[in-house]
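Engineer: The structure follows.
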Amino acid sequence: MNWHEVHLDEVFPAPWRNGGGITRELLAWPHKDSWSVRISVAEIAKSGPFSPFPGVARWFAVLRGNGVALKGQQLDARSDPLQFDGGDAVECKLVDGATEDFNLMLQGREGVLRRVKGRHEIACLKGALVGIYSHDHEVAFLAVQVRIVIPPRTLAWNVMPMDERVGFETEGALWFEVTAP
């Protein structure tokens with residue numbers, strides 16, 4: 001099985017038009033200009049509105065920093081990822097200083113983002129786009145009897161070529177699954 005890896009530190013940061021932060025796009029799939037799945041890590045430097053993405057389901061998780069107030073909830077690096085409609089007017093208020101955050105955006109697809117810790121075995125369906133972001137800790141994978149170690153600050157992803165159970169162990173990461181259309 002061929003897992004793709006994208007290392008955060010090798011992705012060029014793009015500054016926001018409003019000057020509120022930067023984004024590193026880790027994946028725009030299947031094509032950069034016509035994506036149905038977009039994954040990025042953002043550094044939010046100041047409070048302000050999120051850019052609207054009508055027709056897009058968004059998932060947001062704090063990776064580092066003291067957190068944010070978003071859609072009436074306080075989120076920090078221990079909070080479950082928050083899902084919301086990308087077309088909503090969303091104001092983000094920093095709790096106490098800058099944050100680093102993970103974003104999963106889905107257009108015309110269903111999916112889930114969740115924090116994982118410990119040992120897991122997950123049934124993945126053929127055609128699903130699955131992956132893990134190892135922010136602070138490495139992740140040890142076992143897929144098709146091949147052991148893969150994913151270093152910190154790395155996204156590993158794959159479109160499943162067959163129904164398969166994927167096992168992994170981590171001290172903390174974000175796991176996502178996006179169903180086939």
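Each chain in the structure tokens gets a letter, A, B, ..., in the order shown, and its residues are numbered from 1; ligands are numbered from 1 in order too.
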Write out as CSV a residue-level contact list of stretch 124-152 of chain A versus stretch 106-120 of chain A with cut-off 12 Å: for each qualifying residue the closest pair of atoms and the distance in Å to one decimal, counting only C-alpha atoms, rows sorted by chain and residue number upward.
Structural biologist:
residue,atom,partner,partner_atom,distance
A:Ala128,CA,A:Gly111,CA,9.4
A:Leu129,CA,A:Gly111,CA,9.1
A:Val130,CA,A:Gly111,CA,9.4
A:Gly131,CA,A:Leu113,CA,9.6
A:Ile132,CA,A:Val116,CA,9.3
A:Tyr133,CA,A:Arg115,CA,9.6
A:Ser134,CA,A:Val116,CA,10.0
A:His135,CA,A:Arg115,CA,11.0
A:Asp136,CA,A:Lys117,CA,11.8
A:His137,CA,A:Lys117,CA,10.1
A:Glu138,CA,A:Lys117,CA,11.3
A:Val139,CA,A:Gly118,CA,9.8
A:Ala140,CA,A:Arg119,CA,9.4
A:Phe141,CA,A:His120,CA,9.7
A:Leu142,CA,A:His120,CA,10.3
Engineer: Using the selection just defined, write its residues with all heavy atoms as a short mmCIF file (atom, residue, chain, number, x, y, z; two decimals), in the first residue's frame.
Structural biologist:
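So result.cif came out as:
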data_model
loop_
_atom_site.label_atom_id
_atom_site.label_comp_id
_atom_site.auth_asym_id
_atom_site.auth_seq_id
_atom_site.Cartn_x
_atom_site.Cartn_y
_atom_site.Cartn_z
N ALA A 128 -12.41 5.02 0.06
CA ALA A 128 -12.41 6.09 1.05
C ALA A 128 -11.03 6.76 1.10
O ALA A 128 -10.00 6.11 0.93
CB ALA A 128 -12.76 5.54 2.43
N LEU A 129 -11.04 8.06 1.30
CA LEU A 129 -9.80 8.80 1.54
C LEU A 129 -9.62 8.84 3.05
O LEU A 129 -10.49 9.34 3.76
CB LEU A 129 -9.91 10.22 0.98
CG LEU A 129 -8.76 11.16 1.29
CD1 LEU A 129 -7.49 10.73 0.56
CD2 LEU A 129 -9.13 12.59 0.90
N VAL A 130 -8.52 8.28 3.54
CA VAL A 130 -8.27 8.22 4.97
C VAL A 130 -6.89 8.78 5.26
O VAL A 130 -6.01 8.79 4.38
CB VAL A 130 -8.40 6.79 5.54
CG1 VAL A 130 -9.78 6.22 5.30
CG2 VAL A 130 -7.34 5.88 4.96
N GLY A 131 -6.70 9.22 6.49
CA GLY A 131 -5.38 9.72 6.84
C GLY A 131 -5.27 10.12 8.28
O GLY A 131 -6.23 10.10 9.05
N ILE A 132 -4.05 10.48 8.63
CA ILE A 132 -3.74 10.87 10.00
C ILE A 132 -2.73 12.01 9.97
O ILE A 132 -1.85 12.05 9.11
CB ILE A 132 -3.23 9.65 10.80
CG1 ILE A 132 -3.31 9.92 12.29
CG2 ILE A 132 -1.85 9.21 10.35
CD1 ILE A 132 -3.34 8.65 13.13
N TYR A 133 -2.92 12.95 10.89
CA TYR A 133 -1.96 14.03 11.06
C TYR A 133 -1.30 13.86 12.42
O TYR A 133 -1.97 13.88 13.45
CB TYR A 133 -2.62 15.40 10.96
CG TYR A 133 -1.61 16.51 11.11
CD1 TYR A 133 -0.67 16.74 10.11
CD2 TYR A 133 -1.55 17.28 12.26
CE1 TYR A 133 0.29 17.74 10.25
CE2 TYR A 133 -0.60 18.27 12.40
CZ TYR A 133 0.32 18.50 11.40
OH TYR A 133 1.26 19.47 11.54
N SER A 134 0.00 13.66 12.39
CA SER A 134 0.77 13.44 13.61
C SER A 134 1.43 14.76 14.01
O SER A 134 2.52 15.07 13.55
CB SER A 134 1.84 12.37 13.36
OG SER A 134 2.71 12.77 12.33
N HIS A 135 0.74 15.53 14.83
CA HIS A 135 1.24 16.87 15.13
C HIS A 135 2.50 16.86 16.00
O HIS A 135 3.55 17.33 15.59
CB HIS A 135 0.16 17.71 15.77
CG HIS A 135 0.59 19.11 16.01
ND1 HIS A 135 0.91 19.96 14.97
CD2 HIS A 135 0.81 19.80 17.13
CE1 HIS A 135 1.29 21.12 15.46
NE2 HIS A 135 1.24 21.05 16.77
N ASP A 136 2.39 16.34 17.21
CA ASP A 136 3.52 16.37 18.15
C ASP A 136 4.19 15.01 18.34
O ASP A 136 5.28 14.94 18.90
CB ASP A 136 3.06 16.85 19.53
CG ASP A 136 2.77 18.34 19.55
OD1 ASP A 136 3.45 19.08 18.82
OD2 ASP A 136 1.87 18.75 20.29
N HIS A 137 3.54 13.95 17.91
CA HIS A 137 4.03 12.60 18.19
C HIS A 137 4.09 11.78 16.91
O HIS A 137 3.29 12.00 16.00
CB HIS A 137 3.11 11.89 19.18
CG HIS A 137 2.84 12.68 20.42
ND1 HIS A 137 3.76 12.80 21.42
CD2 HIS A 137 1.78 13.41 20.80
CE1 HIS A 137 3.27 13.55 22.39
NE2 HIS A 137 2.06 13.93 22.03
N GLU A 138 4.98 10.83 16.85
CA GLU A 138 4.99 9.94 15.70
C GLU A 138 3.81 8.98 15.80
O GLU A 138 3.23 8.78 16.87
CB GLU A 138 6.31 9.18 15.59
CG GLU A 138 6.55 8.14 16.62
CD GLU A 138 7.88 7.43 16.42
OE1 GLU A 138 8.80 7.97 15.80
OE2 GLU A 138 7.98 6.30 16.92
N VAL A 139 3.46 8.38 14.66
CA VAL A 139 2.39 7.40 14.58
C VAL A 139 2.96 6.15 13.95
O VAL A 139 3.60 6.22 12.90
CB VAL A 139 1.20 7.91 13.73
CG1 VAL A 139 0.13 6.84 13.61
CG2 VAL A 139 0.63 9.19 14.31
N ALA A 140 2.74 5.01 14.59
CA ALA A 140 3.16 3.72 14.02
C ALA A 140 1.93 3.07 13.39
O ALA A 140 0.93 2.83 14.06
CB ALA A 140 3.75 2.83 15.10
N PHE A 141 2.00 2.81 12.07
CA PHE A 141 0.92 2.24 11.28
C PHE A 141 1.21 0.79 10.94
O PHE A 141 2.36 0.43 10.71
CB PHE A 141 0.85 2.96 9.93
CG PHE A 141 -0.29 3.88 9.78
CD1 PHE A 141 -0.11 5.24 9.94
CD2 PHE A 141 -1.54 3.40 9.45
CE1 PHE A 141 -1.15 6.11 9.77
CE2 PHE A 141 -2.59 4.27 9.28
CZ PHE A 141 -2.39 5.62 9.45
N LEU A 142 0.16 0.00 10.81
CA LEU A 142 0.27 -1.33 10.23
C LEU A 142 -0.85 -1.45 9.20
O LEU A 142 -2.03 -1.44 9.56
CB LEU A 142 0.15 -2.43 11.28
CG LEU A 142 0.32 -3.85 10.76
CD1 LEU A 142 1.72 -4.02 10.14
CD2 LEU A 142 0.12 -4.85 11.86
#
Engineer: Please determine, counting only C-alpha atoms, which residue among A:Gly19, A:Gly67, A:Pro49, A:Pro151 has the shortest atom-to-atom distance to A:Glu100.
Structural biologist: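 Comparing A:Gly19, A:Gly67, A:Pro49, A:Pro151 against A:Glu100, the winner is A:Gly67.
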Engineer: For each of A:Val6, A:Val56, A:Val146, A:Val41, take the minimum atom-to-atom distance to A:Ile22, counting only C-alpha atoms, then give the residue where this is smallest.
Structural biologist: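 Selected residue with least distance to A:Ile22: A:Val41.
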Engineer: Would you mind listing what lies within 8 Å of A:Phe53 as number ranges by chain, with only C-alpha atoms counted and same-chain residues fewer than 6 positions away left out?
Structural biologist: A: 86-88
Engineer: Nearest to A:Ser79: which of A:Asp9, A:Asp101, A:Asp96, A:Glu177 is it, counting only C-alpha atoms?
Structural biologist: A:Asp101
Engineer: In Å to one decimal, how far is atom CA of A:Gly20 from atom CA of A:Leu155?
Structural biologist: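 Value for the atom CA of A:Leu155-atom CA of A:Gly20 distance: 24.0 Å.
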Engineer: Between atom CA of A:Phe168 and atom CA of A:Ile150, what is the distance in Å, rounded to a tenth?
Structural biologist: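 Interatomic distance, atom CA of A:Phe168 to atom CA of A:Ile150: 10.3 Å.
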Engineer: Where in stretch 60-150 of chain A does DSSP assign strand (DSSP E), given as a ChimeraX atom specification?
Structural biologist: /A:60-64,68-70,73-75,82-85,91-94,99-106,111-124,129-134,139-143,146-150
Engineer: Please list as a list in words every residue within 8 Å of A:Arg24, counting only C-alpha atoms and excluding residues in the same chain fewer than 2 positions away.
Structural biologist: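 Skipping anything fewer than 2 positions along the chain leaves Leu8, Val11, Phe12, Pro13, Ala14, Ile22, Leu26, Ser40, Val41 and Ala42 of chain A.
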Engineer: With only C-alpha atoms as the atoms that count, which of A:Asn66, A:Pro152, A:Cys92, A:Lys71 lies nearest to A:Glu171?
Structural biologist: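 Comparing A:Asn66, A:Pro152, A:Cys92, A:Lys71 against A:Glu171, the winner is A:Pro152.
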Engineer: In Å to one decimal, how far is atom CA of A:Thr99 from atom CA of A:Val62?
Structural biologist: 7.0 Å
Engineer: Quick one: everything within 8 Å of A:Met162, counting only C-alpha atoms, minus sequence neighbours fewer than 2 positions away in the same chain. Send it as a list in words.
Structural biologist: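 Answer for this query is Leu125, Lys126, Gly127, Met160 and Glu164 of chain A.
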